[in-house]
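Heads up: the structure comes next, in structure tokens.
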Amino acid sequence: MSERELKAAQDTLRDFLAQARSAVAFTGAGLSTECGIPDFRSPGGLWTQNKPIPFDVFVAHQAARDEAWRRKFAMDAAFGAATPGRGHTALARLLADGRLRAIITQNIDGLHQASGVPDAALVELHGNTTYATCLDCGQRHELDWVRSRFEASGGKAPFCEACEGPVKTATISFGQAMPVAEMARADKLSRACDLFIVIGSSLVVYPAAGFPLIAKRAGARLVIINREETDFDEMADLVVRAEIGDVLEPFIQGVAANA
Ligand code: CNA
């Protein structure tokens, strides 16, 4: 995309935001790549290195749980210090200015919260990897607690102190049930919005990828900001195939600026 095309896309997005009564952002792993966290499906992404461990395998096998926690701590060593990028900062600003109503995210990295987005304006569809829960009783466990037991046992995944259930990061794995309340909130927001902005998602992971379709069918304008094509591009009102940080950087100043 040329400089001129990028500027034109930013102008259109600014107009859409100014005209919207209820705008919702829908974010994916692409938002956090500029923060140093790899996505799943870009070349060299996490998918190509480590196939995710399905939920039923995690529950059934101690070895799978050990491996899941080994990977988790290896990932934290590599990306745990990541801080919000330009896209996160722009979205936080649009929310603070009342230009965005909410953010629905597939991300589990906690960077929306780190950029100042309040829980009330955020729907985490796939949970959060910055803490853990017991799969049986739901008790929350901090990562330091898990790590100390993991290291002391020579790499064994720990069990819950309260009920001896398996402890897992508070994320939704493949094959695990989606969180009911979050799905309902995302559904309501998608149906009620008049602008739905997809940012950094390949839109292939369902049911999350169904929300842009729900919003579009309910009459919202659809914007897709992603460096690669998606299956939804044809139905979008604006497709911006560029780096997310470059596209959203001017919005760090708010919508009115540069208008
Ligand atoms: P994905 O399938 O990896 O797609 C990411 C998309 O973003 C790809 O189409 C890329 O082309 C695009 N992209 C990457 N970087 C940029 C960039 N800088 N500018 C523009 N486009 C970019 O990821 P999805 O979110 O669609 O898939 C859903 C999975 C990925 C969810 O279950 C997440 O939990 C999971 N995931 C999350 C994280 C995270 O929390 N940061 C990281 C890796 C995977």
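FYI, nothing fancy with the structure tokens labels: chains A, B, ... in order, residues from 1 per chain, ligands from 1 as they appear.
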
Among region 109-213 of chain A, which ones does DSSP place in helix (DSSP H, G or I), written as a VMD selection string? chain A and resid 111 to 114 119 to 121 143 to 152 180 to 192 208 to 213

List every residue of chain A that has an atom at most 6 Å from any atom of ligand 1, and for each one report the closest atom pair and its distance in Å to one decimal, counting only C-alpha atoms and all ligand atoms, with rows sorted by chain and then by increasing residue number, as a tab-separated table.
```
residue	atom	partner	partner_atom_place_in_ligand_line	distance
A:Gly28	CA	ligand 1	25 (O)	3.2
A:Ala29	CA	ligand 1	25 (O)	3.9
A:Gly30	CA	ligand 1	14 (C)	3.3
A:Ser32	CA	ligand 1	41 (N)	5.1
A:Thr33	CA	ligand 1	15 (N)	5.0
A:Glu34	CA	ligand 1	18 (N)	5.4
A:Ile37	CA	ligand 1	41 (N)	5.7
A:Pro38	CA	ligand 1	43 (C)	5.8
A:Asp39	CA	ligand 1	43 (C)	3.8
A:Phe40	CA	ligand 1	3 (O)	3.5
A:Arg41	CA	ligand 1	3 (O)	4.0
A:Ser42	CA	ligand 1	10 (C)	5.3
A:Gln106	CA	ligand 1	31 (C)	4.8
A:Asn107	CA	ligand 1	40 (O)	3.4
A:Ile108	CA	ligand 1	40 (O)	3.8
A:Asp109	CA	ligand 1	40 (O)	4.2
A:His126	CA	ligand 1	34 (O)	5.6
A:Gly200	CA	ligand 1	7 (O)	3.7
A:Ser201	CA	ligand 1	26 (O)	3.3
A:Ser202	CA	ligand 1	9 (O)	3.7
A:Leu203	CA	ligand 1	26 (O)	5.0
A:Val205	CA	ligand 1	28 (C)	5.5
A:Asn226	CA	ligand 1	21 (N)	3.8
A:Arg227	CA	ligand 1	21 (N)	3.9
A:Glu228	CA	ligand 1	11 (O)	4.3
A:Ala242	CA	ligand 1	20 (C)	5.5
A:Glu243	CA	ligand 1	19 (N)	3.6
A:Ile244	CA	ligand 1	19 (N)	4.0
```

Within 6 Å of region 73-85 of chain A, counting only C-alpha atoms, which residues qualify if same-chain residues fewer than 3 places away don't, as number ranges by chain? A: 35, 37, 70, 88, 111, 115

Contacts of Ala9 (chain A) at 7 Å (only C-alpha atoms; same-chain gap of 4+ positions) as a VMD selection string: chain A and resid 5 13 240

Mind writing the picked residues with N, CA, C and O atoms as an mmCIF file, in the first residue's frame?
```
data_model
loop_
_atom_site.group_PDB
_atom_site.id
_atom_site.type_symbol
_atom_site.label_atom_id
_atom_site.label_comp_id
_atom_site.auth_asym_id
_atom_site.auth_seq_id
_atom_site.Cartn_x
_atom_site.Cartn_y
_atom_site.Cartn_z
ATOM 1 N N GLU A 5 -2.300 5.795 -0.506
ATOM 2 C CA GLU A 5 -3.413 4.871 -0.216
ATOM 3 C C GLU A 5 -3.626 4.739 1.294
ATOM 4 O O GLU A 5 -4.766 4.672 1.767
ATOM 5 N N LEU A 13 -11.357 5.794 7.571
ATOM 6 C CA LEU A 13 -11.579 5.247 8.916
ATOM 7 C C LEU A 13 -11.965 6.370 9.886
ATOM 8 O O LEU A 13 -12.857 6.209 10.721
ATOM 9 N N VAL A 240 -7.832 -2.491 4.839
ATOM 10 C CA VAL A 240 -6.539 -1.807 4.880
ATOM 11 C C VAL A 240 -5.471 -2.876 5.065
ATOM 12 O O VAL A 240 -5.314 -3.440 6.148
#
```

As JSON, numbers by chain, list the residues of region 3-220 of chain A assigned to strand (DSSP E) by DSSP on the backbone atoms of this structure. {"A": [23, 24, 25, 26, 27, 102, 103, 104, 105, 122, 123, 124, 127, 128, 129, 130, 131, 132, 133, 134, 140, 141, 167, 168, 169, 170, 171, 195, 196, 197, 198, 199]}
